[in-house]
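Visitor: First, the structure itself, so that you have it in front of you.
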Amino acid sequence: MSQDSPPEPAPSQDAALPEATPEATPPAGEASPALARPTGVVGLGGSAGALDSYERFFGAMPGGSGLAFVVMAHQDEGGESLMPGLLARCTDLPVVEVEDGLELRSEQVYVVPPGHVLNLMNGTLLLTPQAQPYMPIDLFFQSLAEDQEERAVGVVLSGTGTDGSRGVRAIKERGGRVYVQDPATAPYPSMPRSALATGTADAVLPADELAAALHAQVTGTRTLDLDQALTPEGRGTAALQRILLQVRARTGQDFSQYKQSTLVRRIDRRMKGQQIEDLAHYARYLQEHPAEIDALFHDFLINVTSFFRDPQAFEVLAAQIRVYLGEHDELAVFRAWVPGCSTGEEAYSLAMLLTELLDECQGERHVQVQVFATDLDQEAIDVARLGLYSAQHLTGLSPERLARFFVPREGGYQVRGELREKIVFARHNTFGDPPFTALDLLSCRNMLIYFGAELQKQILPLFHYALKPGGLLFLGPSESLGGARELFAALDNRWKLYRRDGARSAAPLSLGLLGQRPTSLERPGLPRSEVRRPLAGARETAGLPGTVQNLLLSEWAPPAVVVDAQGNVIYVSGRTGAYLELPAGTPSTNVIEMALPALRYELGGALREAAASGQEVRSARLTVPVGGELRALELLVRPLRLPGQPQDLYLIVFQDRGEVAQAWPDELPRSRPTDRMAELERELLTTRDHLQATIEEMEVALEERKSANEELQTANEELQSSNEELMTSKEELQSLNEELITINAEHQVIISDLQQANDDMKNLMDSVGIATLFLDNDLRIKRFTARITQVVNLMPVDVGRPLTDIASNLRYDGLADDIRRVLQTLTPFETAVQTRDEQWFLMRVSPYRTFDNFIDGVVVVFTNIGPLKLLERQLVQTQLYSEAILDTILDPILVLDHDLRAVSHNQAVRSLLRVEADDIQGERLYDLGGGQFDQAELVERLRDLTLGGEELRDFMLEMDLPDRGARAVKLNARPLPGEDGTADLLLLWGEDVTPILRQVAEAGADAIHDEE
């Protein structure tokens, strides 16, 4: 039984969803007094947008169920609800909008208006405005469960979010039923999936099939009549016992000593699901369908729990644990046991609480936490071991605890490893398996309420035995110690926290056989299941059948006793006083010591023979004095083999064959010696057989002891050899451990160096400010620096994604092709690229080589060359500006380098030489114009000028230009100093003085002519 199961609601006359007869159905629009009070209340939760689910549900719901339906739909506040009118089109049931104080009537549909919270109290709907965002469906379902208990039905339809998940758990805890729409058929599957995750759903179907299943459930079966299951004394009937026996035979778990009313309600729920009304019929159904036994077994195990249930109780527990830790300074391991842990929430809560309390010590002491969590349900144990819970399961946790002890995972939160390691989950039977001992804390909350009084009397001493002196016992608020109050001292009566007193604890009871004692005797010709003669401790059957049975046993059945293999009496039937009597001295219950002298040897021999052969033994007819007369008597010894029998039992029956005719007085002297001699011979023969059997048994035992001694010696030698091997292995392991420690230290140094190198590399790359991107051979991103965001829009989550899937800021479409080309050719590639925001970068793609010269991708580096581009643009503009200025000068101008190559020139030079710009740029001076400047003196003067000579002034150069004839050009040259003062360039300019010379010549000719 699960630890955190809620208290069972008391059975009521209007149990869960009783049958509604067609005759009780009122006409449309008319309320019948028979159905004024609904047989059950159905709460429907979902989104208002999922109208199709509501229409399908009510469209498939026939009349005559006697139910009241309350629709809780997520609707926007402030608007008028259209839900009543829309639902009225698909159902014949009256649809009304809820008003405050409205009393529920059967066969009606109630719709909650928007912006309100609904509660149910004593069948009356209480409507209040919604002051802040709530989970309205959860609130109503919880109110519905508290008010209606087993008559409550929760239906979760299509919707978004998780609203309703906590409410269905409350309905299930109170014994109600839960129906969930199949998420595959829901337009909004979030709410159905969240409800399914709670594990409380009785049916998962489409909306229309849910309505049909609910109607069949209500109208198809009746509530189980308690007279079928329980006798007037509160014990189980034969049909109920047969059901429990089948559960025990299949699962190995005995529920016979659980509260009978609880079991009946669980069986009734299963019977309704199978449309069965008779308990005996259900017992036969279990025989034919073993899977139903498993389902019934899981219904007996109610797995309902939560984290930090009753937070005030845990606060009280924390205070007492602090006191306990202060009283036990020597404590090294704090051991706790959570029997009936269900899916583990209680165990994890205790582990979290203990961890927080031990953290308060702040290193002053180290106490290890060890929590044992056990349960019968293997499925629940598997969930607890996994430690993965959905968000709605963690509502009882504070944000601090959630962040400290859990890790977000897909589908919920995972318990952290350091907390999981403190808990051991195991499938364990609290009543049959050995208990955990030396415990500091035992938490058993809401499990004892399912046990009968006799089982509670036996389990509480077991808890007392398992705890250390002064250990803490933590029970649920609905549980009590009962008759075991002398074993524990109360620390907090409200939250049921107790301390184990210092009294000596008895050894734990063997609970593995509780409820499994032999319950019948086998008789020839009768099946074992039909014989109901109790062996020991059974109460007399009440009423006329019991009286008649007792009368027949006492008057007609032969006297009999049941003994064990040693002859100790366990049970007595009939009047055995004629054959058995208490011996003198210390009272003994051994049947051989109690037997009459005339029976003692025969009885002992028959019992030994039956024990040795395992077969029924019948003695010879004996003559025994009974009540002053001789009676013929036969002894019958039969082995008993019963299910779950803990030891070998034997039934001894004294069969009286009638009176033995006595001899006349004159014949007595002759007959007495003969009879006495026969009796002595028979006794001697019996003694001889007994002695021979004893000798043979002693010889066999001696041989067995010799063989056992030899085996023990051999085993001892093997153990010694194994011990030597283990010692050698231990030394080897110690040596290996030392080597591992040394290697570990070396690895730590290497790891530290690698970490330091990694930090240095990261800081270097960040300080350099170069955008760097590392890619693998598939162009997937391995690593990048922060500056890369100027080029490619990357985030940390993009690691592992292909670069081609991410948009870049480059005005360059060949990046991927360039990278692939570098991977193929292993030749670095470099080019200038521009981003969309006008920034220039020098992109260099290089292969990524590992230490062993393996190509493991590429490295793409982007260097910002924006300033260089700016200078380049400025230089071009300056050059254009200079050339424009030079072109405005009419005299030819040349700029020469130290090799007398033309660096720059103006339009006048091209006009003078009648050539293009390409024919001048980069050419030597003496090669220009077909060698027009090729004069040794000019070249020599210019070379001297480059070496620091005097400037060239008024150098006359005769030129013979094509199409222009002979020309006289006056040349001047001077150096152009650079930034460092050196002259790397020469400025050569000329002046065409041909017209001047011609004028002078003409003037001279005229003067000569005039003189002549």
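Each chain in the structure tokens gets a letter, A, B, ..., in the order shown, and its residues are numbered from 1; ligands are numbered from 1 in order too.
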Do you know which residues are at most 12 Å from Phe141 (chain A) counting only C-alpha atoms, after dropping those on the same chain fewer than 6 positions away, and could you put them as a PyMOL selection string?

Guide: chain A and resi 41-45+70-72+117-120+135+147-149+152-156+163-174+176-178

Visitor: Hey, can you spit out that residue selection with N, CA and C atoms as a JSON list (two decimals), in the first residue's frame?

Guide:
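Produced file result34.json, reproduced below:
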```
[["chain", "number", "residue", "atom", "x", "y", "z"],
["A", 41, "VAL", "N", -22.10, 14.29, -9.54],
["A", 41, "VAL", "CA", -21.82, 15.60, -10.14],
["A", 41, "VAL", "C", -20.59, 15.44, -11.04],
["A", 42, "VAL", "N", -20.76, 15.86, -12.29],
["A", 42, "VAL", "CA", -19.70, 15.75, -13.29],
["A", 42, "VAL", "C", -19.17, 17.15, -13.58],
["A", 43, "GLY", "N", -17.88, 17.33, -13.33],
["A", 43, "GLY", "CA", -17.22, 18.58, -13.66],
["A", 43, "GLY", "C", -16.44, 18.43, -14.96],
["A", 44, "LEU", "N", -16.73, 19.31, -15.93],
["A", 44, "LEU", "CA", -16.05, 19.26, -17.23],
["A", 44, "LEU", "C", -15.15, 20.48, -17.35],
["A", 45, "GLY", "N", -13.86, 20.24, -17.62],
["A", 45, "GLY", "CA", -12.89, 21.32, -17.76],
["A", 45, "GLY", "C", -12.25, 21.31, -19.13],
["A", 70, "VAL", "N", -21.42, 20.33, -14.64],
["A", 70, "VAL", "CA", -20.92, 21.69, -14.44],
["A", 70, "VAL", "C", -19.78, 21.91, -15.41],
["A", 71, "VAL", "N", -19.92, 22.90, -16.30],
["A", 71, "VAL", "CA", -18.93, 23.17, -17.34],
["A", 71, "VAL", "C", -18.05, 24.33, -16.89],
["A", 72, "MET", "N", -16.74, 24.03, -16.73],
["A", 72, "MET", "CA", -15.73, 25.05, -16.39],
["A", 72, "MET", "C", -14.86, 25.26, -17.62],
["A", 117, "VAL", "N", -14.92, 32.45, -10.14],
["A", 117, "VAL", "CA", -14.43, 31.21, -9.54],
["A", 117, "VAL", "C", -15.61, 30.50, -8.90],
["A", 118, "LEU", "N", -15.69, 29.19, -9.10],
["A", 118, "LEU", "CA", -16.84, 28.42, -8.63],
["A", 118, "LEU", "C", -16.41, 27.44, -7.56],
["A", 119, "ASN", "N", -17.22, 27.35, -6.49],
["A", 119, "ASN", "CA", -17.03, 26.36, -5.43],
["A", 119, "ASN", "C", -18.34, 25.63, -5.20],
["A", 120, "LEU", "N", -18.26, 24.44, -4.63],
["A", 120, "LEU", "CA", -19.44, 23.62, -4.36],
["A", 120, "LEU", "C", -19.43, 23.26, -2.89],
["A", 135, "MET", "N", -6.16, 28.91, -11.26],
["A", 135, "MET", "CA", -6.47, 27.71, -12.02],
["A", 135, "MET", "C", -7.93, 27.36, -11.69],
["A", 147, "ASP", "N", -16.76, 17.92, -1.54],
["A", 147, "ASP", "CA", -18.19, 17.94, -1.28],
["A", 147, "ASP", "C", -18.87, 16.64, -1.67],
["A", 148, "GLN", "N", -18.48, 16.04, -2.78],
["A", 148, "GLN", "CA", -19.19, 14.89, -3.30],
["A", 148, "GLN", "C", -18.46, 13.56, -3.05],
["A", 149, "GLU", "N", -17.16, 13.62, -2.80],
["A", 149, "GLU", "CA", -16.35, 12.43, -2.54],
["A", 149, "GLU", "C", -16.51, 11.40, -3.66],
["A", 152, "ALA", "N", -18.19, 12.19, -7.12],
["A", 152, "ALA", "CA", -17.59, 13.20, -7.99],
["A", 152, "ALA", "C", -16.99, 12.54, -9.22],
["A", 153, "VAL", "N", -17.15, 13.22, -10.37],
["A", 153, "VAL", "CA", -16.56, 12.77, -11.63],
["A", 153, "VAL", "C", -15.87, 13.98, -12.26],
["A", 154, "GLY", "N", -14.61, 13.81, -12.61],
["A", 154, "GLY", "CA", -13.87, 14.86, -13.29],
["A", 154, "GLY", "C", -13.61, 14.47, -14.74],
["A", 155, "VAL", "N", -13.98, 15.35, -15.68],
["A", 155, "VAL", "CA", -13.78, 15.10, -17.11],
["A", 155, "VAL", "C", -12.89, 16.22, -17.65],
["A", 156, "VAL", "N", -11.74, 15.86, -18.19],
["A", 156, "VAL", "CA", -10.80, 16.83, -18.76],
["A", 156, "VAL", "C", -10.87, 16.73, -20.27],
["A", 163, "ASP", "N", -4.15, 23.29, -16.33],
["A", 163, "ASP", "CA", -5.26, 23.44, -15.40],
["A", 163, "ASP", "C", -6.07, 22.14, -15.35],
["A", 164, "GLY", "N", -6.43, 21.70, -14.16],
["A", 164, "GLY", "CA", -7.19, 20.47, -13.98],
["A", 164, "GLY", "C", -6.37, 19.30, -13.50],
["A", 165, "SER", "N", -5.06, 19.35, -13.62],
["A", 165, "SER", "CA", -4.22, 18.21, -13.25],
["A", 165, "SER", "C", -4.23, 17.98, -11.74],
["A", 166, "ARG", "N", -4.14, 19.04, -10.97],
["A", 166, "ARG", "CA", -4.19, 18.87, -9.51],
["A", 166, "ARG", "C", -5.60, 18.51, -9.06],
["A", 167, "GLY", "N", -6.60, 19.00, -9.76],
["A", 167, "GLY", "CA", -7.97, 18.71, -9.37],
["A", 167, "GLY", "C", -8.33, 17.25, -9.55],
["A", 168, "VAL", "N", -7.89, 16.62, -10.64],
["A", 168, "VAL", "CA", -8.22, 15.20, -10.85],
["A", 168, "VAL", "C", -7.55, 14.34, -9.80],
["A", 169, "ARG", "N", -6.38, 14.74, -9.32],
["A", 169, "ARG", "CA", -5.74, 13.98, -8.23],
["A", 169, "ARG", "C", -6.60, 14.05, -6.97],
["A", 170, "ALA", "N", -7.16, 15.23, -6.68],
["A", 170, "ALA", "CA", -8.03, 15.36, -5.51],
["A", 170, "ALA", "C", -9.28, 14.49, -5.65],
["A", 171, "ILE", "N", -9.86, 14.45, -6.85],
["A", 171, "ILE", "CA", -11.04, 13.62, -7.08],
["A", 171, "ILE", "C", -10.70, 12.15, -6.88],
["A", 172, "LYS", "N", -9.56, 11.74, -7.39],
["A", 172, "LYS", "CA", -9.15, 10.34, -7.27],
["A", 172, "LYS", "C", -8.87, 9.98, -5.82],
["A", 173, "GLU", "N", -8.29, 10.88, -5.08],
["A", 173, "GLU", "CA", -7.99, 10.62, -3.68],
["A", 173, "GLU", "C", -9.27, 10.41, -2.87],
["A", 174, "ARG", "N", -10.35, 11.09, -3.24],
["A", 174, "ARG", "CA", -11.61, 10.97, -2.53],
["A", 174, "ARG", "C", -12.47, 9.82, -3.04],
["A", 176, "GLY", "N", -13.45, 9.32, -6.27],
["A", 176, "GLY", "CA", -14.22, 9.60, -7.47],
["A", 176, "GLY", "C", -13.58, 9.00, -8.70],
["A", 177, "ARG", "N", -14.14, 9.35, -9.85],
["A", 177, "ARG", "CA", -13.65, 8.81, -11.12],
["A", 177, "ARG", "C", -13.16, 9.96, -11.99],
["A", 178, "VAL", "N", -12.21, 9.63, -12.88],
["A", 178, "VAL", "CA", -11.58, 10.63, -13.75],
["A", 178, "VAL", "C", -11.65, 10.12, -15.18]]
```

Visitor: Closest to Phe255 (chain A) among A:Thr589, A:Gln241, A:Asn777, A:Gln713, using only C-alpha atoms?

Guide: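 Residue with the minimum atom-to-atom distance to Phe255 (chain A): A:Gln241.
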
Visitor: Quick one: residues within 10 Å of Ala584 (chain A), only C-alpha atoms, excluding same-chain residues fewer than 3 positions away - as a list in words?

Guide: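 The neighbour list is Glu581, Pro587, Ser588, Glu593 and Met594 of chain A.
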
Visitor: Ranking A:Ala632, A:Ala708, A:Val617, A:Leu775 by minimum distance to Val861 (chain A) and counting only C-alpha atoms, which one comes first?

Guide: A:Leu775

Visitor: Please provide as a ChimeraX atom specification all residues within 12 Å of Ser342 (chain A), with the sequence filter that same-chain residues fewer than 2 positions apart are discarded (counting only C-alpha atoms).

Guide: /A:1-5,298,301-307,338-340,344-348,373-385,425-428,444-447

Visitor: Got time to write the residues from that selection, N, CA and C atoms, as a tab-separated table (two decimals), in the first residue's frame?

Guide:
```tsv
chain	number	residue	atom	x	y	z
A	1	MET	N	0.84	-1.20	0.00
A	1	MET	CA	0.00	0.00	0.00
A	1	MET	C	0.86	1.23	0.00
A	2	SER	N	0.53	2.14	-0.80
A	2	SER	CA	1.37	3.33	-0.94
A	2	SER	C	1.37	4.12	0.34
A	3	GLN	N	2.51	4.72	0.62
A	3	GLN	CA	2.68	5.45	1.86
A	3	GLN	C	1.79	6.66	1.96
A	4	ASP	N	1.75	7.47	0.92
A	4	ASP	CA	1.09	8.77	0.96
A	4	ASP	C	-0.32	8.71	0.44
A	5	SER	N	-0.96	7.58	0.55
A	5	SER	CA	-2.33	7.49	0.08
A	5	SER	C	-3.23	8.25	1.02
A	298	HIS	N	-3.27	-3.46	-8.37
A	298	HIS	CA	-2.80	-2.07	-8.48
A	298	HIS	C	-3.83	-1.10	-7.91
A	301	LEU	N	-3.16	-0.82	-4.29
A	301	LEU	CA	-1.99	0.01	-4.03
A	301	LEU	C	-2.25	1.41	-4.58
A	302	ILE	N	-2.64	2.32	-3.73
A	302	ILE	CA	-3.04	3.67	-4.16
A	302	ILE	C	-1.80	4.54	-4.16
A	303	ASN	N	-1.29	4.85	-5.34
A	303	ASN	CA	-0.05	5.62	-5.46
A	303	ASN	C	-0.37	7.10	-5.61
A	304	VAL	N	-0.69	7.74	-4.51
A	304	VAL	CA	-0.97	9.17	-4.50
A	304	VAL	C	-0.07	9.81	-3.46
A	305	THR	N	0.79	10.71	-3.87
A	305	THR	CA	1.74	11.34	-2.96
A	305	THR	C	2.15	12.68	-3.53
A	306	SER	N	2.98	13.43	-2.81
A	306	SER	CA	3.44	14.73	-3.28
A	306	SER	C	4.66	15.13	-2.47
A	307	PHE	N	5.36	16.17	-2.96
A	307	PHE	CA	6.52	16.68	-2.27
A	307	PHE	C	6.09	17.53	-1.08
A	338	VAL	N	11.48	4.85	4.56
A	338	VAL	CA	10.16	5.31	4.13
A	338	VAL	C	9.43	4.10	3.54
A	339	PRO	N	8.71	3.32	4.35
A	339	PRO	CA	7.92	2.21	3.79
A	339	PRO	C	6.69	2.74	3.07
A	340	GLY	N	6.34	2.10	1.95
A	340	GLY	CA	5.22	2.59	1.16
A	340	GLY	C	5.54	3.91	0.50
A	344	GLY	N	8.09	8.07	-4.81
A	344	GLY	CA	9.33	8.63	-4.30
A	344	GLY	C	9.30	10.05	-3.79
A	345	GLU	N	8.18	10.77	-3.92
A	345	GLU	CA	8.19	12.17	-3.51
A	345	GLU	C	8.51	12.35	-2.03
A	346	GLU	N	7.93	11.47	-1.17
A	346	GLU	CA	8.18	11.56	0.27
A	346	GLU	C	9.65	11.31	0.59
A	347	ALA	N	10.24	10.31	-0.06
A	347	ALA	CA	11.65	10.00	0.20
A	347	ALA	C	12.55	11.15	-0.23
A	348	TYR	N	12.30	11.72	-1.40
A	348	TYR	CA	13.10	12.85	-1.85
A	348	TYR	C	12.90	14.06	-0.95
A	373	ALA	N	13.89	3.63	0.75
A	373	ALA	CA	12.50	3.85	0.33
A	373	ALA	C	11.99	2.58	-0.33
A	374	THR	N	10.90	2.03	0.20
A	374	THR	CA	10.41	0.74	-0.27
A	374	THR	C	8.92	0.82	-0.58
A	375	ASP	N	8.49	-0.08	-1.45
A	375	ASP	CA	7.08	-0.16	-1.81
A	375	ASP	C	6.83	-1.51	-2.47
A	376	LEU	N	5.55	-1.93	-2.48
A	376	LEU	CA	5.18	-3.18	-3.14
A	376	LEU	C	5.07	-3.02	-4.66
A	377	ASP	N	4.73	-1.82	-5.10
A	377	ASP	CA	4.45	-1.58	-6.52
A	377	ASP	C	5.75	-1.35	-7.27
A	378	GLN	N	6.10	-2.30	-8.13
A	378	GLN	CA	7.35	-2.19	-8.89
A	378	GLN	C	7.30	-1.01	-9.86
A	379	GLU	N	6.14	-0.74	-10.45
A	379	GLU	CA	6.04	0.39	-11.38
A	379	GLU	C	6.31	1.71	-10.67
A	380	ALA	N	5.77	1.85	-9.45
A	380	ALA	CA	6.03	3.07	-8.69
A	380	ALA	C	7.50	3.18	-8.32
A	381	ILE	N	8.13	2.07	-7.98
A	381	ILE	CA	9.56	2.08	-7.66
A	381	ILE	C	10.38	2.51	-8.87
A	382	ASP	N	9.99	2.04	-10.06
A	382	ASP	CA	10.72	2.43	-11.28
A	382	ASP	C	10.62	3.93	-11.51
A	383	VAL	N	9.44	4.51	-11.28
A	383	VAL	CA	9.29	5.96	-11.42
A	383	VAL	C	10.16	6.69	-10.42
A	384	ALA	N	10.18	6.20	-9.17
A	384	ALA	CA	10.99	6.85	-8.14
A	384	ALA	C	12.47	6.77	-8.46
A	385	ARG	N	12.92	5.63	-8.97
A	385	ARG	CA	14.34	5.50	-9.30
A	385	ARG	C	14.74	6.44	-10.42
A	425	PHE	N	16.09	2.83	-3.46
A	425	PHE	CA	14.72	2.40	-3.72
A	425	PHE	C	14.72	0.90	-3.96
A	426	ALA	N	13.76	0.20	-3.36
A	426	ALA	CA	13.70	-1.26	-3.50
A	426	ALA	C	12.26	-1.71	-3.32
A	427	ARG	N	11.93	-2.80	-4.01
A	427	ARG	CA	10.62	-3.44	-3.82
A	427	ARG	C	10.71	-4.30	-2.56
A	428	HIS	N	9.83	-4.04	-1.61
A	428	HIS	CA	9.97	-4.63	-0.28
A	428	HIS	C	8.59	-4.78	0.34
A	444	CYS	N	6.26	6.82	8.05
A	444	CYS	CA	5.18	5.97	7.51
A	444	CYS	C	3.90	6.77	7.59
A	445	ARG	N	3.66	7.58	6.56
A	445	ARG	CA	2.54	8.52	6.60
A	445	ARG	C	1.38	8.01	5.76
A	446	ASN	N	0.22	7.92	6.37
A	446	ASN	CA	-1.01	7.55	5.67
A	446	ASN	C	-0.94	6.15	5.07
A	447	MET	N	-0.26	5.22	5.73
A	447	MET	CA	-0.29	3.83	5.31
A	447	MET	C	-1.02	2.97	6.33
```

Visitor: Tell me, as a VMD selection string, which residues lie within 10 Å of Glu616 (chain A), counting only C-alpha atoms; anything in the same chain fewer than 5 positions away does not count.

Guide: chain A and resid 606 to 607 609 to 611 636 to 640 650 to 651

Visitor: Grab the CA of Ser573 (chain A) to CA of Ala557 (chain A) distance for me, in Å with one decimal place.

Guide: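 One can read the CA of Ser573 (chain A) to CA of Ala557 (chain A) distance as 8.6 Å.
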
Visitor: What is the CA of Lys259 (chain A)-CA of Ser143 (chain A) distance in Å, reported with one decimal?

Guide: 27.0 Å

Visitor: Tell me, which residues of region 137-177 of chain A carry DSSP strand (DSSP E), written as a list of chain:residue names?

Guide: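 The residues of region 137-177 of chain A classed as strand (DSSP E) are A:Ala152, A:Val153, A:Gly154, A:Val155, A:Val156, A:Arg177.
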
Visitor: Just C-alpha atoms for this one: save the residues we selected as a PDB file, in the first residue's frame.

Guide:
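The result, stored in again-v1.pdb:
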```
ATOM      1  CA  ALA A 152     -17.590  13.198  -7.987  1.00  0.00           C
ATOM      2  CA  VAL A 153     -16.560  12.774 -11.633  1.00  0.00           C
ATOM      3  CA  GLY A 154     -13.870  14.861 -13.295  1.00  0.00           C
ATOM      4  CA  VAL A 155     -13.781  15.104 -17.112  1.00  0.00           C
ATOM      5  CA  VAL A 156     -10.795  16.835 -18.756  1.00  0.00           C
ATOM      6  CA  ARG A 177     -13.645   8.815 -11.115  1.00  0.00           C
TER       7      ARG A 177
END
```

Visitor: Could you tell me which of A:Arg787, A:Arg416, A:Arg269, A:His393 comes closest to Phe841 (chain A) if we count only C-alpha atoms?

Guide: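 Counting only C-alpha atoms, the residue closest to Phe841 (chain A) is A:Arg787.
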
Visitor: Determine, counting only C-alpha atoms, which protein, DNA and RNA residues have an atom within 9 Å of an atom of Leu986 (chain A); residues of the same chain fewer than 2 positions away are not included. Present the result as a PyMOL selection string.

Guide: chain A and resi 894-898+900+942+945-946+973-977+983-984+988

Visitor: Once you have the residues from the selection above, write them out as a CSV table (one decimal), in the first residue's frame, restricted to N, CA and C atoms.

Guide:
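Output (selection.csv):
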```csv
chain,number,residue,atom,x,y,z
A,894,LEU,N,57.2,66.0,-65.7
A,894,LEU,CA,57.4,64.6,-65.4
A,894,LEU,C,57.9,64.4,-64.0
A,895,VAL,N,57.4,63.4,-63.3
A,895,VAL,CA,57.9,63.0,-62.0
A,895,VAL,C,58.6,61.7,-62.2
A,896,LEU,N,59.9,61.6,-61.9
A,896,LEU,CA,60.8,60.5,-62.1
A,896,LEU,C,61.2,59.9,-60.8
A,897,ASP,N,61.4,58.5,-60.8
A,897,ASP,CA,62.0,57.9,-59.6
A,897,ASP,C,63.5,57.9,-59.7
A,898,HIS,N,64.2,57.2,-58.7
A,898,HIS,CA,65.6,57.2,-58.7
A,898,HIS,C,66.2,56.5,-59.9
A,900,LEU,N,64.9,56.9,-62.9
A,900,LEU,CA,64.5,57.8,-64.0
A,900,LEU,C,63.4,57.2,-64.8
A,942,LEU,N,70.9,64.3,-64.5
A,942,LEU,CA,69.7,63.9,-63.6
A,942,LEU,C,70.2,62.8,-62.6
A,945,LEU,N,71.7,64.4,-59.9
A,945,LEU,CA,70.7,65.1,-59.0
A,945,LEU,C,70.1,64.1,-58.0
A,946,THR,N,69.9,62.8,-58.4
A,946,THR,CA,69.3,61.8,-57.5
A,946,THR,C,70.3,61.5,-56.4
A,973,ALA,N,65.1,70.8,-63.5
A,973,ALA,CA,64.8,69.6,-62.6
A,973,ALA,C,65.3,69.9,-61.2
A,974,ARG,N,64.6,69.4,-60.2
A,974,ARG,CA,65.0,69.5,-58.8
A,974,ARG,C,64.4,68.3,-58.1
A,975,PRO,N,65.0,67.9,-57.0
A,975,PRO,CA,64.5,66.7,-56.2
A,975,PRO,C,63.2,67.1,-55.4
A,976,LEU,N,62.4,66.0,-55.2
A,976,LEU,CA,61.2,66.1,-54.3
A,976,LEU,C,61.5,65.4,-53.0
A,977,PRO,N,61.7,66.1,-51.9
A,977,PRO,CA,62.0,65.4,-50.6
A,977,PRO,C,60.8,64.6,-50.1
A,983,ALA,N,65.5,62.4,-51.1
A,983,ALA,CA,64.8,62.7,-52.3
A,983,ALA,C,64.7,61.4,-53.1
A,984,ASP,N,63.5,60.8,-53.1
A,984,ASP,CA,63.2,59.6,-53.9
A,984,ASP,C,62.7,59.9,-55.2
A,988,LEU,N,60.8,67.1,-63.1
A,988,LEU,CA,61.4,67.6,-64.4
A,988,LEU,C,60.3,68.3,-65.1
```

Visitor: For Glu940 (chain A), find every residue with an atom within 12 Å (counting only C-alpha atoms), except residues of its own chain fewer than 2 positions away, and show them as a list in words.

Guide: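 My list of contacting residues is Asp899, Leu900, Leu925, Tyr926, Phe933, Asp934, Gln935, Ala936, Glu937, Leu938, Leu942, Arg943, Asp944, Leu945, Thr946, Leu947, Gly949, Glu950 and Leu952 of chain A.
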